>>> print(open('model_28.cif').read())   # mmCIF, C-alpha atoms
data_upload
#
loop_
_atom_site.group_PDB
_atom_site.id
_atom_site.type_symbol
_atom_site.label_atom_id
_atom_site.label_comp_id
_atom_site.auth_asym_id
_atom_site.auth_seq_id
_atom_site.Cartn_x
_atom_site.Cartn_y
_atom_site.Cartn_z
ATOM 1 C CA ALA A 1 -9.048 32.109 -0.908
ATOM 2 C CA GLN A 2 -5.958 34.184 -0.208
ATOM 3 C CA ILE A 3 -7.772 37.526 -0.601
ATOM 4 C CA ALA A 4 -10.216 36.682 2.171
ATOM 5 C CA ALA A 5 -7.484 35.170 4.357
ATOM 6 C CA ALA A 6 -5.291 38.236 3.867
ATOM 7 C CA ALA A 7 -8.166 40.509 4.848
ATOM 8 C CA VAL A 8 -8.831 38.551 8.019
ATOM 9 C CA GLN A 9 -5.133 38.383 8.927
ATOM 10 C CA THR A 10 -4.700 42.123 8.498
ATOM 11 C CA VAL A 11 -7.250 43.126 11.131
ATOM 12 C CA GLN A 12 -4.999 44.659 13.764
ATOM 13 C CA SER A 13 -7.363 45.541 16.549
ATOM 14 C CA ASP A 14 -10.581 44.376 18.080
ATOM 15 C CA THR A 15 -13.359 46.650 19.212
ATOM 16 C CA GLY A 16 -13.427 45.262 22.732
ATOM 17 C CA ARG A 17 -16.952 43.924 22.225
ATOM 18 C CA SER A 18 -17.135 40.479 23.810
ATOM 19 C CA ASN A 19 -19.281 38.707 21.219
ATOM 20 C CA CYS A 20 -17.444 37.236 18.240
ATOM 21 C CA GLY A 21 -19.787 38.768 15.658
ATOM 22 C CA SER A 22 -18.702 42.290 16.653
ATOM 23 C CA ARG A 23 -14.987 41.686 16.103
ATOM 24 C CA GLY A 24 -13.524 44.042 13.534
ATOM 25 C CA HIS A 25 -16.416 46.510 13.673
ATOM 26 C CA PRO A 26 -17.160 48.450 11.535
ATOM 27 C CA HIS A 27 -15.017 47.210 8.641
ATOM 28 C CA PHE A 28 -14.788 43.458 9.196
ATOM 29 C CA CYS A 29 -17.673 42.494 11.453
ATOM 30 C CA ARG A 30 -20.672 40.395 10.500
ATOM 31 C CA ARG A 31 -23.988 42.018 9.717
ATOM 32 C CA PRO A 32 -25.932 43.550 12.627
ATOM 33 C CA CYS A 33 -27.782 41.297 15.068
ATOM 34 C CA VAL A 34 -31.501 41.874 14.586
ATOM 35 C CA CYS A 35 -32.325 40.519 18.047
ATOM 36 C CA PHE A 36 -29.798 42.797 19.758
ATOM 37 C CA ALA A 37 -31.260 45.795 17.928
ATOM 38 C CA LYS A 38 -34.668 44.834 19.369
ATOM 39 C CA GLY A 39 -33.069 44.623 22.820
ATOM 40 C CA HIS A 40 -33.143 40.873 23.444
ATOM 41 C CA CYS A 41 -30.288 38.819 21.961
ATOM 42 C CA LYS A 42 -30.498 35.423 23.681
ATOM 43 C CA SER A 43 -27.084 34.365 22.334
ATOM 44 C CA GLY A 44 -25.245 37.118 24.235
ATOM 45 C CA ASP A 45 -21.466 36.706 23.993
ATOM 46 C CA ALA A 46 -21.884 33.653 21.746
ATOM 47 C CA CYS A 47 -23.807 35.657 19.127
ATOM 48 C CA GLU A 48 -22.180 35.537 15.706
ATOM 49 C CA TYR A 49 -23.683 38.854 14.595
ATOM 50 C CA CYS A 50 -22.520 42.382 15.372
ATOM 51 C CA HIS A 51 -23.955 44.167 18.398
ATOM 52 C CA PHE A 52 -22.909 47.635 17.199
ATOM 53 C CA THR A 53 -25.017 50.081 15.217
ATOM 54 C CA HIS A 54 -24.374 50.051 11.470
ATOM 55 C CA ALA A 55 -24.940 52.704 8.845
ATOM 56 C CA LYS A 56 -27.202 51.767 5.943
ATOM 57 C CA SER A 57 -25.278 49.595 3.495
ATOM 58 C CA PRO A 58 -24.731 51.036 0.029
ATOM 59 C CA SER A 59 -26.116 49.128 -2.928
ATOM 60 C CA PHE A 60 -25.731 49.068 -6.681
ATOM 61 C CA ASN A 61 -28.421 50.560 -8.892
ATOM 62 C CA LYS A 62 -30.062 48.529 -11.661
ATOM 63 C CA TRP A 63 -27.586 49.673 -14.328
ATOM 64 C CA GLU A 64 -24.567 48.878 -12.113
ATOM 65 C CA ARG A 65 -25.976 45.451 -11.248
ATOM 66 C CA ALA A 66 -26.195 44.745 -14.973
ATOM 67 C CA MET A 67 -22.764 46.230 -15.750
ATOM 68 C CA ILE A 68 -20.656 44.356 -13.179
ATOM 69 C CA PRO A 69 -21.405 40.787 -14.354
ATOM 70 C CA ASN A 70 -20.571 41.831 -17.934
ATOM 71 C CA MET A 71 -17.067 43.009 -17.004
ATOM 72 C CA ASP A 72 -14.205 40.589 -17.464
ATOM 73 C CA THR A 73 -12.198 39.856 -14.324
ATOM 74 C CA GLY A 74 -9.290 42.121 -15.303
ATOM 75 C CA THR A 75 -11.550 45.102 -15.901
ATOM 76 C CA LEU A 76 -13.503 44.457 -12.708
ATOM 77 C CA CYS A 77 -10.270 44.387 -10.703
ATOM 78 C CA SER A 78 -9.036 47.560 -12.429
ATOM 79 C CA VAL A 79 -12.249 49.395 -11.600
ATOM 80 C CA PHE A 80 -12.334 48.196 -7.993
ATOM 81 C CA LEU A 81 -8.587 48.578 -7.278
ATOM 82 C CA PRO A 82 -8.505 52.325 -6.423
ATOM 83 C CA HIS A 83 -11.454 51.849 -4.068
ATOM 84 C CA ILE A 84 -9.833 48.846 -2.420
ATOM 85 C CA ARG A 85 -6.629 50.852 -1.943
ATOM 86 C CA HIS A 86 -8.629 53.651 -0.343
ATOM 87 C CA ALA A 87 -10.555 51.225 1.892
ATOM 88 C CA VAL A 88 -7.303 49.558 3.025
ATOM 89 C CA GLU A 89 -5.935 52.994 3.971
ATOM 90 C CA ALA A 90 -9.188 53.959 5.709
ATOM 91 C CA THR A 91 -9.206 50.789 7.806
ATOM 92 C CA GLN A 92 -5.537 51.326 8.703
ATOM 93 C CA ILE A 93 -4.612 47.718 8.045
ATOM 94 C CA GLU A 94 -1.601 46.184 6.376
ATOM 95 C CA GLY A 95 -3.182 45.303 3.048
ATOM 96 C CA THR A 96 -0.128 44.991 0.819
ATOM 97 C CA ARG A 97 -0.845 41.350 -0.047
ATOM 98 C CA ILE A 98 -4.486 42.096 -0.881
ATOM 99 C CA ILE A 99 -3.431 44.920 -3.207
ATOM 100 C CA GLU A 100 -0.748 42.767 -4.874
ATOM 101 C CA ILE A 101 -3.218 39.971 -5.631
ATOM 102 C CA ILE A 102 -5.760 42.361 -7.146
ATOM 103 C CA GLU A 103 -3.077 44.226 -9.124
ATOM 104 C CA ALA A 104 -2.018 40.883 -10.614
ATOM 105 C CA LEU A 105 -5.603 40.256 -11.704
ATOM 106 C CA ALA A 106 -6.169 43.808 -13.005
ATOM 107 C CA THR A 107 -5.228 43.529 -16.656
ATOM 108 C CA ALA A 108 -7.384 46.154 -18.271
ATOM 109 C CA SER A 109 -7.410 49.906 -18.002
ATOM 110 C CA ALA A 110 -10.741 51.230 -16.807
ATOM 111 C CA ASP A 111 -9.996 54.478 -18.656
ATOM 112 C CA GLU A 112 -10.157 52.778 -22.055
ATOM 113 C CA VAL A 113 -13.929 52.903 -22.465
ATOM 114 C CA SER A 114 -16.132 55.293 -24.342
ATOM 115 C CA GLY A 115 -19.612 56.752 -24.549
ATOM 116 C CA THR A 116 -22.331 55.323 -22.349
ATOM 117 C CA GLN A 117 -19.893 52.927 -20.671
ATOM 118 C CA ALA A 118 -17.714 55.839 -19.524
ATOM 119 C CA ASP A 119 -20.731 57.593 -17.983
ATOM 120 C CA GLY A 120 -21.731 54.336 -16.311
ATOM 121 C CA LEU A 121 -18.233 53.899 -14.911
ATOM 122 C CA LYS A 122 -18.324 57.390 -13.407
ATOM 123 C CA GLN A 123 -21.531 56.484 -11.581
ATOM 124 C CA LEU A 124 -20.100 53.110 -10.572
ATOM 125 C CA HIS A 125 -17.027 54.828 -9.086
ATOM 126 C CA ARG A 126 -19.295 57.158 -7.080
ATOM 127 C CA THR A 127 -21.116 54.126 -5.709
ATOM 128 C CA LEU A 128 -17.941 52.118 -5.003
ATOM 129 C CA ARG A 129 -16.567 54.963 -2.848
ATOM 130 C CA LYS A 130 -19.319 54.195 -0.335
ATOM 131 C CA PHE A 131 -18.500 50.484 0.068
ATOM 132 C CA ALA A 132 -16.453 49.040 2.941
ATOM 133 C CA LEU A 133 -13.474 46.818 2.199
ATOM 134 C CA PRO A 134 -15.226 43.457 2.777
ATOM 135 C CA ALA A 135 -18.020 44.367 0.349
ATOM 136 C CA LEU A 136 -15.500 45.384 -2.320
ATOM 137 C CA LEU A 137 -13.465 42.211 -1.834
ATOM 138 C CA ASP A 138 -16.609 40.090 -1.913
ATOM 139 C CA GLN A 139 -17.373 41.201 -5.469
ATOM 140 C CA ILE A 140 -13.919 40.119 -6.621
ATOM 141 C CA ILE A 141 -13.846 36.898 -4.587
ATOM 142 C CA ARG A 142 -17.110 35.771 -6.173
ATOM 143 C CA ARG A 143 -15.670 36.283 -9.637
ATOM 144 C CA VAL A 144 -12.137 35.018 -9.103
ATOM 145 C CA SER A 145 -12.956 31.912 -7.142
ATOM 146 C CA SER A 146 -15.067 30.607 -10.010
ATOM 147 C CA GLN A 147 -12.694 31.579 -12.853
ATOM 148 C CA THR A 148 -9.115 31.592 -11.589
ATOM 149 C CA ALA A 149 -9.009 29.761 -8.282
ATOM 150 C CA THR A 150 -5.467 28.620 -8.985
ATOM 151 C CA LEU A 151 -4.190 32.203 -8.635
ATOM 152 C CA LEU A 152 -5.584 32.351 -5.138
#
>>> encode(input="model_28.cif", output="structure tokens")
Amino acid sequence: AQIAAAAVQTVQSDTGRSNCGSRGHPHFCRRPCVCFAKGHCKSGDACEYCHFTHAKSPSFNKWERAMIPNMDTGTLCSVFLPHIRHAVEATQIEGTRIIEIIEALATASADEVSGTQADGLKQLHRTLRKFALPALLDQIIRRVSSQTATLL
């Protein structure tokens, strides 16, 4: 889809690591190579996994995992949009096209909720701040590709 293609196209620099799985580290690389971490990656430069150290990946709690699938696409994009903007700035990439696509999908205001949902959104925002750009985009790509593939 265009979101994923735009993300890949916007990577401006490589880390200098020779294996392809480490390209774009830490924001756009593949997951860490388990064999390399143990000191014996037989694939070497051909390895498709990252040979750099990674911080522990953030994850959603039980309530957030239940909340996200129940959001419509517009609300999901509205909630994720400020975090995607921040991640684009943090990665220092040209992400204008990514932002434009998500803005077009963001139809609902995340501020228009009440009660327990509002408290849940506050916690969700705290969690989303910890996610890297590819993880944020992945949540939207999963949703959009199944519902509105024609937009992408």
>>> atom_distance(input="model_28.cif", atom1="CA of Arg142 in chain A", atom2="CA of Cys77 in chain A")
11.9 Å
>>> closest_atom_pairs(input="model_28.cif", of="range 62-104 of chain A", to="range 118-127 of chain A", cutoff="12 Å", atoms="only C-alpha atoms", output="CSV")
residue,atom,partner,partner_atom,distance
A:Lys62,CA,A:Leu124,CA,11.0
A:Trp63,CA,A:Gly120,CA,7.7
A:Glu64,CA,A:Leu124,CA,6.3
A:Arg65,CA,A:Leu124,CA,9.7
A:Ala66,CA,A:Gly120,CA,10.7
A:Met67,CA,A:Gly120,CA,8.2
A:Ile68,CA,A:Leu124,CA,9.2
A:Met71,CA,A:Leu121,CA,11.2
A:Thr75,CA,A:Leu121,CA,11.1
A:Leu76,CA,A:Leu121,CA,10.8
A:Ser78,CA,A:His125,CA,11.3
A:Val79,CA,A:His125,CA,7.7
A:Phe80,CA,A:His125,CA,8.2
A:Leu81,CA,A:His125,CA,10.7
A:Pro82,CA,A:His125,CA,9.3
A:His83,CA,A:His125,CA,8.1
A:Ile84,CA,A:His125,CA,11.5
>>> closest_residue(input="model_28.cif", among="A:Thr107, A:Pro69, A:Arg30, A:Thr91", to="Phe52 in chain A", atoms="all atoms listed in the file")
A:Arg30
>>> residues_around(input="model_28.cif", residues="Ser22 in chain A", least_positions_apart="4", cutoff="6 Å", atoms="only C-alpha atoms", output="ChimeraX atom specification")
/A:29,50-51
>>> atom_distance(input="model_28.cif", atom1="CA of Tyr49 in chain A", atom2="CA of Cys33 in chain A")
4.8 Å
>>> build_atoms(input="model_28.cif", residues="range 64-93 of chain A", atoms="N, CA and C atoms", output="short mmCIF file (atom, residue, chain, number, x, y, z; two decimals), keeping the file's coordinate frame")
data_model
loop_
_atom_site.label_atom_id
_atom_site.label_comp_id
_atom_site.auth_asym_id
_atom_site.auth_seq_id
_atom_site.Cartn_x
_atom_site.Cartn_y
_atom_site.Cartn_z
N GLU A 64 -25.83 49.40 -12.65
CA GLU A 64 -24.57 48.88 -12.11
C GLU A 64 -24.64 47.36 -11.91
N ARG A 65 -25.80 46.89 -11.44
CA ARG A 65 -25.98 45.45 -11.25
C ARG A 65 -25.90 44.71 -12.58
N ALA A 66 -26.30 45.36 -13.65
CA ALA A 66 -26.20 44.74 -14.97
C ALA A 66 -24.77 44.88 -15.53
N MET A 67 -24.10 45.95 -15.21
CA MET A 67 -22.76 46.23 -15.75
C MET A 67 -21.68 45.31 -15.16
N ILE A 68 -21.72 45.10 -13.86
CA ILE A 68 -20.66 44.36 -13.18
C ILE A 68 -20.51 42.92 -13.69
N PRO A 69 -21.58 42.16 -13.85
CA PRO A 69 -21.40 40.79 -14.35
C PRO A 69 -20.87 40.73 -15.79
N ASN A 70 -21.05 41.80 -16.55
CA ASN A 70 -20.57 41.83 -17.93
C ASN A 70 -19.11 42.23 -18.06
N MET A 71 -18.49 42.65 -16.97
CA MET A 71 -17.07 43.01 -17.00
C MET A 71 -16.23 41.74 -16.91
N ASP A 72 -15.12 41.70 -17.66
CA ASP A 72 -14.20 40.59 -17.46
C ASP A 72 -13.47 40.81 -16.15
N THR A 73 -12.84 39.79 -15.63
CA THR A 73 -12.20 39.86 -14.32
C THR A 73 -11.15 40.95 -14.25
N GLY A 74 -10.33 41.10 -15.30
CA GLY A 74 -9.29 42.12 -15.30
C GLY A 74 -9.85 43.52 -15.21
N THR A 75 -10.91 43.79 -15.94
CA THR A 75 -11.55 45.10 -15.90
C THR A 75 -12.19 45.34 -14.54
N LEU A 76 -12.88 44.33 -14.02
CA LEU A 76 -13.50 44.46 -12.71
C LEU A 76 -12.46 44.82 -11.66
N CYS A 77 -11.33 44.11 -11.67
CA CYS A 77 -10.27 44.39 -10.70
C CYS A 77 -9.69 45.78 -10.91
N SER A 78 -9.54 46.21 -12.15
CA SER A 78 -9.04 47.56 -12.43
C SER A 78 -9.97 48.63 -11.91
N VAL A 79 -11.26 48.43 -12.07
CA VAL A 79 -12.25 49.40 -11.60
C VAL A 79 -12.30 49.43 -10.08
N PHE A 80 -12.23 48.27 -9.44
CA PHE A 80 -12.33 48.20 -7.99
C PHE A 80 -11.03 48.56 -7.28
N LEU A 81 -9.88 48.42 -7.93
CA LEU A 81 -8.59 48.58 -7.28
C LEU A 81 -8.40 49.91 -6.56
N PRO A 82 -8.70 51.07 -7.17
CA PRO A 82 -8.51 52.32 -6.42
C PRO A 82 -9.38 52.41 -5.17
N HIS A 83 -10.55 51.82 -5.22
CA HIS A 83 -11.45 51.85 -4.07
C HIS A 83 -10.98 50.89 -2.98
N ILE A 84 -10.40 49.79 -3.39
CA ILE A 84 -9.83 48.85 -2.42
C ILE A 84 -8.62 49.47 -1.75
N ARG A 85 -7.78 50.15 -2.54
CA ARG A 85 -6.63 50.85 -1.94
C ARG A 85 -7.09 51.86 -0.90
N HIS A 86 -8.10 52.64 -1.26
CA HIS A 86 -8.63 53.65 -0.34
C HIS A 86 -9.20 53.00 0.92
N ALA A 87 -9.95 51.90 0.75
CA ALA A 87 -10.56 51.22 1.89
C ALA A 87 -9.48 50.62 2.80
N VAL A 88 -8.40 50.10 2.23
CA VAL A 88 -7.30 49.56 3.02
C VAL A 88 -6.68 50.68 3.86
N GLU A 89 -6.48 51.84 3.24
CA GLU A 89 -5.94 52.99 3.97
C GLU A 89 -6.90 53.45 5.07
N ALA A 90 -8.18 53.49 4.75
CA ALA A 90 -9.19 53.96 5.71
C ALA A 90 -9.30 53.03 6.91
N THR A 91 -9.11 51.74 6.70
CA THR A 91 -9.21 50.79 7.81
C THR A 91 -7.90 50.68 8.57
N GLN A 92 -6.86 51.32 8.07
CA GLN A 92 -5.54 51.33 8.70
C GLN A 92 -5.02 49.92 8.96
N ILE A 93 -5.13 49.07 7.94
CA ILE A 93 -4.61 47.72 8.04
C ILE A 93 -3.44 47.55 7.08
#
